[in-house]
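> The structure under discussion is supplied below as structure tokens; questions concerning it will follow.
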Amino acid sequence: MYGSTGVTLVVDLTSGKIEKTTIEESYWKEFIGGSGVAARLFFENEDVKLDPLSPENPLYIMTGPLAGSKVPGSSRFAICAKSPLTGIWGESTCGGNFAPELKAAGYDAVIVRGVSDKPVTLVIDDDRVELIDAGRLWGKDAYETVDELKSVFPEGKAARVLSIGQAGENLVKFASVCNDKANFAGRCGMGAVMGSKKLKAVACRGTGQVAFKDEAALNEIRKRIYAQIKEAMPAQSLKEMGTNASMDLGMMTGDVPIKNYRVGEALEISAEIGGPTMTEKFLVKPGACTTCPISSKRVMKVESGKYKMEEGPGPEYETAAAFGTLCMNSNAESICKINEWCNRYAMDTITGGVTVAFALDCYDQGILTKQDTDGLELTWGNADVILELVHKIAKREGLGDILAEGSREAARRIGKGAEELTAEIKGLELPMHDPRGYHGLGLAYMMSNRGACHNVHLMHPIEQGVATWTDMGFSDNYDGQSDEGKGEVVKMSEDFGIQCNSLGLCVFEMWTFKSQDPVDLLNAIGGYDLNMDEYLKIGARTWLIKRALNNLMGITAADDRLPKKVLIPLEDGGAAGSVPDDKKLRQDYYAARGLDESGRPTRQTLESVGLGYVVDRLYA
């Protein structure tokens with residue numbers, strides 16, 4: 001099959017056995033790649049009731065057909081498993097350089113099963129694949145691990161490395177996976193799954209190439225996309241100031257969450273930690289994933305002081321807001337240092353920041369006292385305490401041991417009404433975009449299959465007017481603070497946007513694409529011969545099989561809701577007085593998507609996209 005190596009590695013850590021196998025070609029045709037194929041494999045082969053931290057939970061490292069194509073933004077891959085944080089379908093995507101390297105080594109995917117009796121590293125060097133002892137690496141942070149494994153191959157090209165830090169080793173439920181220091185598969189706790197298996201790292205090097213169906217057509221599409229990116233305003237903004245460029249504008253439109261969703265505006269904080277200030281004070285140079293001309297990543301350095309940081313990856317918008325505005329922290333240097341430690345421990349900064357803000361709110365409300373917090377005063381904006389909580393969470397020390405479970409479970413354990421202060425959906429903490437500012441995005445959070453997410457659909461750029469595709473029926477001027485018509489729009493944005501995770505495509509590049517570009521790419525790369533209707537049908541099929549998995553794991557209509565925190569109107573800021581009607585939004589969405597009142601896809605809905613094999617199991 002074009003755009004594919006046709007080979008998948010299956011690694012059994014319990015026995016040490018490594019096999020090379022083939023995933024059925026029909027699965028790639030049905031779901032394209034990435035998390036879509038992973039969900040199909042899980043549905044076919046796994047027990048939905050398994051414990052996420054048990055040896056039975058498989059870890060899927062999946063590329064898509066774009067990996068190795070040199071298409072802008074094509075460096076992403078997915079890591080999937082049942083999530084230890086949410087207890088349902090979990091997936092996380094990551095950029096960098098690992099996906100094209102794995103393809104060059106000759107593999108579309110790696111499936112890891114079982115558990116090792118000692119820490120190990122999986123080494124992939126073209127045809128040579130082996131497990132080596134990682135005892136000396138256990139206890140080291142992700143940066144140290146990457147540095148040591150870069151030289152795992154004594155000659156030639158250095159390894160590309162996936163690794164976990166102490167958070168994954170200590171089974172922090174929102175531990176991430178680090179890719180060569182600068183890139184992270186952050187959400188849903190995939191690092192904890194690696195830690196439970198005693199898999200410290202994967203080091204990969206490849207020297208091969210992947211064949212594509214129509215190289216001439218692919219070259220023309222590449223040129224067209226590069227030209228579009230060069231002219232696109234979002235790409236220019238991201239290149240100049242990174243993702244944190246959105247902080248100042250977001251503060252005015254009601255997008256930025258503040259003080260654990262209690263406050264609508266804090267201009268004095270955004271001025272200190274927004275894109276312009278961070279760029280002026282700390283930027284060394286832009287950073288980029290393989291084949292990315294946008295270069296939205298920030299390489300930063302804090303020269304001196306107690307938050308001194310050596311040159312390295314700087315905080316993205318999500319991190320700056322999560323540990324900044326959400327915690328009322330205006331100290332930019334501290335946010336750089338907090339980001340560095342979250343990276344070193346390999347820990348999701350969204351869940352991490354939201355969980356810390358939850359703890360600060362509990363302290364402010366008297367639910368937690370100094371006796372509960374190891375003597376720490378969890379006051380708003382206290383940068384030293386926020387950083388100390390990061391250390392305690394990663395090491396599971398004191399209060400950190402409870403917070404390491406994520407905010408939903410931490411609230412359950414703390415009690416005393418703490419549940420009212422959480423900001424999560426299906427156990428996954430909200431990203432840094434307030435649903436009161438953009439109701440469609442709030443609905444997309446509600447319906448995302450991994451829990452609250454801003455990147456498994458394209459509602460975020462569509463509703464905010466950053467990007468749109470009017471030829472597909474999207475408006476170029478939505479009222480963000482309206483519920484009307486959002487059910488159908490969110491459904492469409494999912495069918496179109498979920499494909500990024502299957503293709504292995506960065507959403508930032510997608511913002512610059514014409515609607516037909518991903519379809520043309522698939523046809524040139526793999527010879528799919530798709531039209532837009534067929535492409536969107538694959539998107540719907542991918543969403544629906546993940547939803548069916550979640551239904552089998554216990555998800556019902558009751559889980560498709562917004563947190564109480566964001567249903568309280570704000571008194572100031574760009575979203576003042578605006579509250580989404582989550583019940584109306586859900587009802588309209590269910591009608592558009594074809595779900596019954598219990599939240600299950602109807603038989604007709606499943607059969608209409610070729611998921612008849614799901615029906616019997618879901619309705620057994």
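Residues are named by chain letter and number: chains run A, B, ... in the order of the structure tokens, numbers start at 1 in each chain, and ligands are numbered from 1 in the order shown.
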Using only C-alpha atoms, which residues of segment 108-197 of chain A come within 6 Å of segment 342-363 of chain A, and what is the closest atom pair for each, with the distance in Å to one decimal? Give it as a tab-separated table, sorted by chain and residue number.

```
residue	atom	partner	partner_atom	distance
A:Asp141	CA	A:Arg344	CA	5.1
A:Ala142	CA	A:Arg344	CA	5.0
A:Tyr143	CA	A:Arg344	CA	5.6
A:Ile164	CA	A:Ala346	CA	5.8
A:Gly165	CA	A:Tyr345	CA	4.5
A:Gln166	CA	A:Tyr345	CA	5.1
A:Ala167	CA	A:Tyr345	CA	5.3
A:Phe174	CA	A:Asp348	CA	5.8
A:Ala175	CA	A:Met347	CA	4.3
A:Ser176	CA	A:Met347	CA	4.8
A:Gly186	CA	A:Asp348	CA	4.7
A:Arg187	CA	A:Asp348	CA	6.0
```
> Write the residues of the selection above to a file with all heavy atoms, as a PDB file, in the first residue's frame.

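Output saved as part20.pdb:
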```pdb
ATOM      1  N   ASP A 141      15.195  12.438  34.558  1.00  0.00           N
ATOM      2  CA  ASP A 141      14.122  13.166  33.897  1.00  0.00           C
ATOM      3  C   ASP A 141      14.182  12.954  32.387  1.00  0.00           C
ATOM      4  O   ASP A 141      15.124  12.350  31.860  1.00  0.00           O
ATOM      5  CB  ASP A 141      14.126  14.650  34.291  1.00  0.00           C
ATOM      6  CG  ASP A 141      15.324  15.441  33.769  1.00  0.00           C
ATOM      7  OD1 ASP A 141      15.733  15.240  32.610  1.00  0.00           O
ATOM      8  OD2 ASP A 141      15.832  16.301  34.512  1.00  0.00           O
ATOM      9  N   ALA A 142      13.166  13.455  31.688  1.00  0.00           N
ATOM     10  CA  ALA A 142      13.055  13.190  30.253  1.00  0.00           C
ATOM     11  C   ALA A 142      14.202  13.825  29.469  1.00  0.00           C
ATOM     12  O   ALA A 142      14.699  13.241  28.500  1.00  0.00           O
ATOM     13  CB  ALA A 142      11.711  13.698  29.736  1.00  0.00           C
ATOM     14  N   TYR A 143      14.631  15.028  29.861  1.00  0.00           N
ATOM     15  CA  TYR A 143      15.740  15.677  29.159  1.00  0.00           C
ATOM     16  C   TYR A 143      17.018  14.839  29.291  1.00  0.00           C
ATOM     17  O   TYR A 143      17.745  14.619  28.309  1.00  0.00           O
ATOM     18  CB  TYR A 143      16.003  17.068  29.740  1.00  0.00           C
ATOM     19  CG  TYR A 143      15.024  18.141  29.336  1.00  0.00           C
ATOM     20  CD1 TYR A 143      13.832  17.852  28.668  1.00  0.00           C
ATOM     21  CD2 TYR A 143      15.286  19.482  29.636  1.00  0.00           C
ATOM     22  CE1 TYR A 143      12.946  18.856  28.320  1.00  0.00           C
ATOM     23  CE2 TYR A 143      14.409  20.493  29.286  1.00  0.00           C
ATOM     24  CZ  TYR A 143      13.239  20.180  28.631  1.00  0.00           C
ATOM     25  OH  TYR A 143      12.374  21.186  28.287  1.00  0.00           O
ATOM     26  N   ILE A 164       9.845   8.941  29.021  1.00  0.00           N
ATOM     27  CA  ILE A 164       9.075   9.460  30.149  1.00  0.00           C
ATOM     28  C   ILE A 164      10.044   9.973  31.201  1.00  0.00           C
ATOM     29  O   ILE A 164      11.228   9.617  31.219  1.00  0.00           O
ATOM     30  CB  ILE A 164       8.148   8.390  30.759  1.00  0.00           C
ATOM     31  CG1 ILE A 164       8.951   7.168  31.256  1.00  0.00           C
ATOM     32  CG2 ILE A 164       7.082   7.973  29.768  1.00  0.00           C
ATOM     33  CD1 ILE A 164       8.124   6.164  32.045  1.00  0.00           C
ATOM     34  N   GLY A 165       9.526  10.829  32.074  1.00  0.00           N
ATOM     35  CA  GLY A 165      10.305  11.294  33.213  1.00  0.00           C
ATOM     36  C   GLY A 165       9.791  10.667  34.491  1.00  0.00           C
ATOM     37  O   GLY A 165       9.119   9.624  34.474  1.00  0.00           O
ATOM     38  N   GLN A 166      10.050  11.330  35.601  1.00  0.00           N
ATOM     39  CA  GLN A 166       9.645  10.775  36.893  1.00  0.00           C
ATOM     40  C   GLN A 166       8.125  10.719  37.048  1.00  0.00           C
ATOM     41  O   GLN A 166       7.603   9.870  37.764  1.00  0.00           O
ATOM     42  CB  GLN A 166      10.245  11.598  38.029  1.00  0.00           C
ATOM     43  CG  GLN A 166      11.765  11.541  38.102  1.00  0.00           C
ATOM     44  CD  GLN A 166      12.433  12.679  37.344  1.00  0.00           C
ATOM     45  OE1 GLN A 166      11.916  13.159  36.345  1.00  0.00           O
ATOM     46  NE2 GLN A 166      13.590  13.111  37.836  1.00  0.00           N
ATOM     47  N   ALA A 167       7.390  11.610  36.365  1.00  0.00           N
ATOM     48  CA  ALA A 167       5.936  11.575  36.471  1.00  0.00           C
ATOM     49  C   ALA A 167       5.380  10.260  35.931  1.00  0.00           C
ATOM     50  O   ALA A 167       4.499   9.646  36.533  1.00  0.00           O
ATOM     51  CB  ALA A 167       5.316  12.756  35.723  1.00  0.00           C
ATOM     52  N   PHE A 174      -1.573  12.030  34.707  1.00  0.00           N
ATOM     53  CA  PHE A 174      -1.489  12.879  33.517  1.00  0.00           C
ATOM     54  C   PHE A 174      -0.038  13.044  33.046  1.00  0.00           C
ATOM     55  O   PHE A 174       0.338  14.069  32.480  1.00  0.00           O
ATOM     56  CB  PHE A 174      -2.164  14.232  33.736  1.00  0.00           C
ATOM     57  CG  PHE A 174      -1.803  14.923  35.041  1.00  0.00           C
ATOM     58  CD1 PHE A 174      -0.781  15.854  35.104  1.00  0.00           C
ATOM     59  CD2 PHE A 174      -2.521  14.660  36.192  1.00  0.00           C
ATOM     60  CE1 PHE A 174      -0.472  16.505  36.281  1.00  0.00           C
ATOM     61  CE2 PHE A 174      -2.217  15.305  37.389  1.00  0.00           C
ATOM     62  CZ  PHE A 174      -1.190  16.233  37.432  1.00  0.00           C
ATOM     63  N   ALA A 175       0.768  11.999  33.268  1.00  0.00           N
ATOM     64  CA  ALA A 175       2.134  11.995  32.759  1.00  0.00           C
ATOM     65  C   ALA A 175       2.113  11.969  31.232  1.00  0.00           C
ATOM     66  O   ALA A 175       1.278  11.312  30.618  1.00  0.00           O
ATOM     67  CB  ALA A 175       2.894  10.793  33.301  1.00  0.00           C
ATOM     68  N   SER A 176       3.055  12.685  30.637  1.00  0.00           N
ATOM     69  CA  SER A 176       3.123  12.792  29.182  1.00  0.00           C
ATOM     70  C   SER A 176       4.295  11.979  28.642  1.00  0.00           C
ATOM     71  O   SER A 176       5.045  11.358  29.392  1.00  0.00           O
ATOM     72  CB  SER A 176       3.264  14.261  28.770  1.00  0.00           C
ATOM     73  OG  SER A 176       4.466  14.820  29.295  1.00  0.00           O
ATOM     74  N   GLY A 186       0.933  15.111  25.343  1.00  0.00           N
ATOM     75  CA  GLY A 186       0.665  15.561  26.696  1.00  0.00           C
ATOM     76  C   GLY A 186      -0.552  14.978  27.376  1.00  0.00           C
ATOM     77  O   GLY A 186      -0.526  14.706  28.568  1.00  0.00           O
ATOM     78  N   ARG A 187      -1.631  14.778  26.653  1.00  0.00           N
ATOM     79  CA  ARG A 187      -2.909  14.564  27.308  1.00  0.00           C
ATOM     80  C   ARG A 187      -3.234  13.089  27.540  1.00  0.00           C
ATOM     81  O   ARG A 187      -2.724  12.204  26.869  1.00  0.00           O
ATOM     82  CB  ARG A 187      -4.016  15.231  26.505  1.00  0.00           C
ATOM     83  CG  ARG A 187      -3.697  16.689  26.128  1.00  0.00           C
ATOM     84  CD  ARG A 187      -4.803  17.634  26.496  1.00  0.00           C
ATOM     85  NE  ARG A 187      -4.988  17.782  27.932  1.00  0.00           N
ATOM     86  CZ  ARG A 187      -6.054  18.355  28.474  1.00  0.00           C
ATOM     87  NH1 ARG A 187      -7.019  18.815  27.694  1.00  0.00           N
ATOM     88  NH2 ARG A 187      -6.157  18.464  29.781  1.00  0.00           N
TER      89      ARG A 187
END
```
> Any idea what's packed within 12 Å of Thr556 of chain A, counting only C-alpha atoms, ignoring anything in its chain fewer than 3 positions away? Could you give it as a PDB file with C-alpha atoms, in the first residue's frame?

```
ATOM      1  CA  ILE A  88     -12.088   5.869  28.778  1.00  0.00           C
ATOM      2  CA  LYS A 426     -15.178  13.052  31.296  1.00  0.00           C
ATOM      3  CA  MET A 446     -18.523  18.237  25.661  1.00  0.00           C
ATOM      4  CA  MET A 447     -18.502  15.846  22.720  1.00  0.00           C
ATOM      5  CA  ASN A 449     -14.172  11.479  22.806  1.00  0.00           C
ATOM      6  CA  ARG A 547     -17.823   7.058  20.806  1.00  0.00           C
ATOM      7  CA  ALA A 548     -18.925   3.423  20.713  1.00  0.00           C
ATOM      8  CA  LEU A 549     -15.800   2.437  22.647  1.00  0.00           C
ATOM      9  CA  ASN A 550     -16.611   5.090  25.247  1.00  0.00           C
ATOM     10  CA  ASN A 551     -20.223   3.919  25.488  1.00  0.00           C
ATOM     11  CA  LEU A 552     -18.928   0.409  26.168  1.00  0.00           C
ATOM     12  CA  MET A 553     -16.617   1.914  28.805  1.00  0.00           C
ATOM     13  CA  ASP A 559     -21.191  12.788  30.743  1.00  0.00           C
ATOM     14  CA  ASP A 560     -21.743  15.206  27.849  1.00  0.00           C
ATOM     15  CA  ARG A 561     -21.944  18.344  29.979  1.00  0.00           C
ATOM     16  CA  LEU A 595     -27.214   9.759  18.775  1.00  0.00           C
ATOM     17  CA  ASP A 596     -30.127   8.475  20.830  1.00  0.00           C
ATOM     18  CA  GLU A 597     -31.257   9.995  24.133  1.00  0.00           C
ATOM     19  CA  SER A 598     -28.818   7.835  26.094  1.00  0.00           C
ATOM     20  CA  GLY A 599     -25.890   9.160  24.063  1.00  0.00           C
ATOM     21  CA  ARG A 600     -25.330   6.095  21.877  1.00  0.00           C
ATOM     22  CA  PRO A 601     -25.045   6.233  18.079  1.00  0.00           C
TER      23      PRO A 601
END
```
> Identify, on the basis of only C-alpha atoms, every residue whose closest approach to segment 102-117 of chain A does not exceed 8 Å; exclude the query and any residue fewer than 5 positions from it along the same chain; express the result as number ranges by chain.
A: 4-16, 55-64, 67-68, 124-127, 196-199, 204-210
> Can those selected residues be exported to a file as a short mmCIF file (atom, residue, chain, number, x, y, z; two decimals), in the first residue's frame so that it contains N, CA, C and O atoms?

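Result file part13.cif:
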```
data_model
loop_
_atom_site.label_atom_id
_atom_site.label_comp_id
_atom_site.auth_asym_id
_atom_site.auth_seq_id
_atom_site.Cartn_x
_atom_site.Cartn_y
_atom_site.Cartn_z
N SER A 4 2.65 3.83 3.01
CA SER A 4 2.71 2.93 4.16
C SER A 4 3.87 1.97 3.98
O SER A 4 4.23 1.61 2.85
N THR A 5 4.47 1.55 5.09
CA THR A 5 5.52 0.52 5.01
C THR A 5 4.91 -0.87 4.99
O THR A 5 5.57 -1.83 4.58
N GLY A 6 3.67 -0.98 5.48
CA GLY A 6 3.02 -2.28 5.56
C GLY A 6 3.48 -3.13 6.73
O GLY A 6 3.08 -4.29 6.84
N VAL A 7 4.30 -2.56 7.62
CA VAL A 7 4.85 -3.35 8.73
C VAL A 7 4.56 -2.64 10.06
O VAL A 7 4.75 -1.43 10.19
N THR A 8 4.10 -3.41 11.03
CA THR A 8 3.88 -2.92 12.39
C THR A 8 4.67 -3.78 13.36
O THR A 8 4.71 -5.01 13.23
N LEU A 9 5.33 -3.13 14.31
CA LEU A 9 6.04 -3.86 15.36
C LEU A 9 5.09 -4.15 16.51
O LEU A 9 4.37 -3.26 16.98
N VAL A 10 5.08 -5.38 16.98
CA VAL A 10 4.33 -5.75 18.17
C VAL A 10 5.34 -6.24 19.21
O VAL A 10 6.05 -7.22 18.99
N VAL A 11 5.42 -5.51 20.31
CA VAL A 11 6.41 -5.78 21.35
C VAL A 11 5.71 -6.27 22.60
O VAL A 11 4.87 -5.57 23.18
N ASP A 12 6.02 -7.49 23.03
CA ASP A 12 5.48 -8.05 24.27
C ASP A 12 6.55 -7.91 25.35
O ASP A 12 7.54 -8.64 25.36
N LEU A 13 6.35 -6.96 26.25
CA LEU A 13 7.36 -6.70 27.28
C LEU A 13 7.43 -7.81 28.32
O LEU A 13 8.46 -7.99 28.96
N THR A 14 6.35 -8.55 28.49
CA THR A 14 6.35 -9.63 29.47
C THR A 14 7.28 -10.75 29.04
O THR A 14 8.10 -11.25 29.83
N SER A 15 7.18 -11.14 27.80
CA SER A 15 8.02 -12.24 27.28
C SER A 15 9.30 -11.76 26.62
O SER A 15 10.23 -12.54 26.43
N GLY A 16 9.33 -10.49 26.26
CA GLY A 16 10.48 -9.96 25.52
C GLY A 16 10.41 -10.25 24.03
O GLY A 16 11.32 -9.92 23.28
N PRO A 55 -1.11 -4.76 32.70
CA PRO A 55 -0.36 -5.23 31.53
C PRO A 55 -1.23 -5.42 30.30
O PRO A 55 -0.73 -5.39 29.17
N GLU A 56 -2.53 -5.60 30.49
CA GLU A 56 -3.43 -5.88 29.37
C GLU A 56 -3.71 -4.65 28.51
O GLU A 56 -4.20 -4.78 27.38
N ASN A 57 -3.44 -3.46 29.03
CA ASN A 57 -3.72 -2.24 28.26
C ASN A 57 -2.64 -2.04 27.20
O ASN A 57 -1.48 -1.79 27.53
N PRO A 58 -2.98 -2.14 25.91
CA PRO A 58 -1.96 -1.96 24.89
C PRO A 58 -1.65 -0.48 24.67
O PRO A 58 -2.53 0.38 24.83
N LEU A 59 -0.41 -0.19 24.32
CA LEU A 59 0.01 1.16 23.97
C LEU A 59 0.27 1.20 22.48
O LEU A 59 1.12 0.46 21.97
N TYR A 60 -0.48 2.04 21.77
CA TYR A 60 -0.34 2.15 20.32
C TYR A 60 0.44 3.42 19.98
O TYR A 60 0.04 4.52 20.37
N ILE A 61 1.53 3.28 19.26
CA ILE A 61 2.27 4.41 18.72
C ILE A 61 2.04 4.38 17.21
O ILE A 61 2.55 3.50 16.51
N MET A 62 1.25 5.31 16.71
CA MET A 62 0.70 5.21 15.36
C MET A 62 1.07 6.41 14.49
O MET A 62 0.88 7.56 14.89
N THR A 63 1.58 6.14 13.30
CA THR A 63 1.77 7.21 12.33
C THR A 63 0.57 7.25 11.39
O THR A 63 -0.32 6.41 11.44
N GLY A 64 0.56 8.26 10.53
CA GLY A 64 -0.44 8.36 9.48
C GLY A 64 0.23 8.37 8.12
O GLY A 64 1.47 8.35 8.02
N ALA A 67 3.26 10.91 7.20
CA ALA A 67 4.60 10.83 7.79
C ALA A 67 5.62 10.44 6.73
O ALA A 67 5.45 9.47 6.01
N GLY A 68 6.68 11.22 6.65
CA GLY A 68 7.73 10.96 5.67
C GLY A 68 7.49 11.59 4.32
O GLY A 68 8.32 11.46 3.42
N ILE A 124 15.02 0.78 18.00
CA ILE A 124 14.63 0.47 16.62
C ILE A 124 15.68 1.06 15.69
O ILE A 124 15.83 2.29 15.62
N ASP A 125 16.40 0.21 14.98
CA ASP A 125 17.43 0.66 14.06
C ASP A 125 17.24 -0.08 12.74
O ASP A 125 17.85 -1.12 12.49
N ASP A 126 16.34 0.46 11.91
CA ASP A 126 15.92 -0.24 10.70
C ASP A 126 15.44 -1.66 11.06
O ASP A 126 14.55 -1.80 11.90
N ASP A 127 16.04 -2.68 10.50
CA ASP A 127 15.59 -4.05 10.75
C ASP A 127 15.95 -4.56 12.14
O ASP A 127 15.36 -5.52 12.63
N SER A 196 3.81 2.26 33.68
CA SER A 196 3.26 1.02 34.23
C SER A 196 3.87 -0.21 33.55
O SER A 196 3.92 -1.29 34.14
N LYS A 197 4.34 -0.03 32.34
CA LYS A 197 4.94 -1.14 31.59
C LYS A 197 6.46 -1.21 31.78
O LYS A 197 7.12 -2.08 31.21
N LYS A 198 7.01 -0.27 32.55
CA LYS A 198 8.45 -0.15 32.76
C LYS A 198 9.19 0.14 31.44
O LYS A 198 10.35 -0.22 31.27
N LEU A 199 8.49 0.80 30.53
CA LEU A 199 9.10 1.20 29.25
C LEU A 199 9.57 2.64 29.41
O LEU A 199 8.78 3.58 29.35
N CYS A 204 14.77 5.52 18.13
CA CYS A 204 14.54 5.07 16.75
C CYS A 204 15.47 5.77 15.77
O CYS A 204 15.73 6.98 15.89
N ARG A 205 15.95 4.99 14.79
CA ARG A 205 16.70 5.56 13.68
C ARG A 205 16.33 4.79 12.41
O ARG A 205 16.23 3.56 12.43
N GLY A 206 16.10 5.50 11.33
CA GLY A 206 15.75 4.84 10.08
C GLY A 206 16.47 5.44 8.89
O GLY A 206 16.78 6.64 8.88
N THR A 207 16.72 4.63 7.90
CA THR A 207 17.44 5.10 6.70
C THR A 207 16.65 4.85 5.42
O THR A 207 17.16 5.14 4.33
N GLY A 208 15.44 4.34 5.53
CA GLY A 208 14.68 4.01 4.34
C GLY A 208 13.77 5.14 3.89
O GLY A 208 13.77 6.25 4.43
N GLN A 209 12.96 4.86 2.87
CA GLN A 209 12.01 5.82 2.35
C GLN A 209 10.68 5.11 2.07
O GLN A 209 10.64 3.91 1.88
N VAL A 210 9.62 5.91 2.05
CA VAL A 210 8.29 5.38 1.77
C VAL A 210 7.90 5.76 0.35
O VAL A 210 8.17 6.89 -0.10
#
```
> Taking the backbone alone, and naming residues the way the document does, which bits of segment 538-592 of chain A are helix (DSSP H, G or I) by DSSP, as a PyMOL selection string?
chain A and resi 538-552+557-559+564-567+582-592
> Identify, on the basis of only C-alpha atoms, every residue whose closest approach to Pro435 of chain A does not exceed 10 Å; exclude the query and any residue fewer than 5 positions from it along the same chain; express the result as a list of chain:residue names.
A:Gly254, A:Asp255, A:Val256, A:Pro257, A:Leu430, A:Gly440, A:Leu441, A:Gly442, A:Leu443, A:Ala444, A:Tyr445, A:Gly480, A:Gln481, A:Leu562, A:Pro563, A:Val566, A:Leu567, A:Ala575, A:Ser578, A:Val579, A:Pro580
> Quick one: write out the picked residues with N, CA and C atoms as a PDB file, in the first residue's frame?

```pdb
ATOM      1  N   GLY A 254     -12.829  37.232  25.856  1.00  0.00           N
ATOM      2  CA  GLY A 254     -13.390  36.309  26.841  1.00  0.00           C
ATOM      3  C   GLY A 254     -12.929  34.885  26.648  1.00  0.00           C
ATOM      4  N   ASP A 255     -11.834  34.692  25.941  1.00  0.00           N
ATOM      5  CA  ASP A 255     -11.333  33.350  25.646  1.00  0.00           C
ATOM      6  C   ASP A 255     -10.453  32.802  26.769  1.00  0.00           C
ATOM      7  N   VAL A 256      -9.738  33.672  27.465  1.00  0.00           N
ATOM      8  CA  VAL A 256      -8.729  33.242  28.435  1.00  0.00           C
ATOM      9  C   VAL A 256      -9.362  32.979  29.806  1.00  0.00           C
ATOM     10  N   PRO A 257      -9.183  31.780  30.370  1.00  0.00           N
ATOM     11  CA  PRO A 257      -9.718  31.500  31.704  1.00  0.00           C
ATOM     12  C   PRO A 257      -8.845  32.115  32.795  1.00  0.00           C
ATOM     13  N   LEU A 430     -10.236  21.021  31.180  1.00  0.00           N
ATOM     14  CA  LEU A 430     -10.483  21.920  30.059  1.00  0.00           C
ATOM     15  C   LEU A 430      -9.196  22.596  29.593  1.00  0.00           C
ATOM     16  N   GLY A 440     -19.747  27.246  20.848  1.00  0.00           N
ATOM     17  CA  GLY A 440     -19.514  26.085  19.982  1.00  0.00           C
ATOM     18  C   GLY A 440     -18.310  25.296  20.431  1.00  0.00           C
ATOM     19  N   LEU A 441     -17.275  25.996  20.845  1.00  0.00           N
ATOM     20  CA  LEU A 441     -16.092  25.315  21.364  1.00  0.00           C
ATOM     21  C   LEU A 441     -16.443  24.563  22.640  1.00  0.00           C
ATOM     22  N   GLY A 442     -17.311  25.156  23.474  1.00  0.00           N
ATOM     23  CA  GLY A 442     -17.765  24.453  24.668  1.00  0.00           C
ATOM     24  C   GLY A 442     -18.480  23.158  24.326  1.00  0.00           C
ATOM     25  N   LEU A 443     -19.313  23.196  23.289  1.00  0.00           N
ATOM     26  CA  LEU A 443     -19.992  21.975  22.840  1.00  0.00           C
ATOM     27  C   LEU A 443     -18.981  20.966  22.311  1.00  0.00           C
ATOM     28  N   ALA A 444     -17.982  21.433  21.587  1.00  0.00           N
ATOM     29  CA  ALA A 444     -16.939  20.523  21.086  1.00  0.00           C
ATOM     30  C   ALA A 444     -16.184  19.878  22.239  1.00  0.00           C
ATOM     31  N   TYR A 445     -15.937  20.639  23.313  1.00  0.00           N
ATOM     32  CA  TYR A 445     -15.367  20.051  24.534  1.00  0.00           C
ATOM     33  C   TYR A 445     -16.268  18.920  25.046  1.00  0.00           C
ATOM     34  N   GLY A 480     -19.789  33.904  18.600  1.00  0.00           N
ATOM     35  CA  GLY A 480     -19.264  32.930  19.541  1.00  0.00           C
ATOM     36  C   GLY A 480     -20.164  32.720  20.738  1.00  0.00           C
ATOM     37  N   GLN A 481     -20.834  33.780  21.181  1.00  0.00           N
ATOM     38  CA  GLN A 481     -21.634  33.701  22.399  1.00  0.00           C
ATOM     39  C   GLN A 481     -23.111  33.443  22.091  1.00  0.00           C
ATOM     40  N   LEU A 562     -21.051  20.497  30.534  1.00  0.00           N
ATOM     41  CA  LEU A 562     -20.016  21.456  30.898  1.00  0.00           C
ATOM     42  C   LEU A 562     -19.869  21.507  32.418  1.00  0.00           C
ATOM     43  N   PRO A 563     -18.669  21.822  32.914  1.00  0.00           N
ATOM     44  CA  PRO A 563     -18.481  21.951  34.365  1.00  0.00           C
ATOM     45  C   PRO A 563     -19.327  23.098  34.933  1.00  0.00           C
ATOM     46  N   VAL A 566     -18.152  26.834  34.623  1.00  0.00           N
ATOM     47  CA  VAL A 566     -18.300  27.677  33.430  1.00  0.00           C
ATOM     48  C   VAL A 566     -19.764  27.937  33.094  1.00  0.00           C
ATOM     49  N   LEU A 567     -20.669  27.528  33.968  1.00  0.00           N
ATOM     50  CA  LEU A 567     -22.080  27.845  33.798  1.00  0.00           C
ATOM     51  C   LEU A 567     -22.512  28.973  34.736  1.00  0.00           C
ATOM     52  N   ALA A 575     -16.638  38.061  27.832  1.00  0.00           N
ATOM     53  CA  ALA A 575     -17.728  37.080  27.893  1.00  0.00           C
ATOM     54  C   ALA A 575     -18.678  37.385  29.045  1.00  0.00           C
ATOM     55  N   SER A 578     -22.385  35.931  29.559  1.00  0.00           N
ATOM     56  CA  SER A 578     -22.612  34.870  28.568  1.00  0.00           C
ATOM     57  C   SER A 578     -22.454  33.496  29.204  1.00  0.00           C
ATOM     58  N   VAL A 579     -23.476  32.652  29.063  1.00  0.00           N
ATOM     59  CA  VAL A 579     -23.419  31.280  29.579  1.00  0.00           C
ATOM     60  C   VAL A 579     -23.988  30.332  28.525  1.00  0.00           C
ATOM     61  N   PRO A 580     -23.244  29.312  28.119  1.00  0.00           N
ATOM     62  CA  PRO A 580     -23.784  28.346  27.163  1.00  0.00           C
ATOM     63  C   PRO A 580     -24.929  27.557  27.789  1.00  0.00           C
TER      64      PRO A 580
END
```
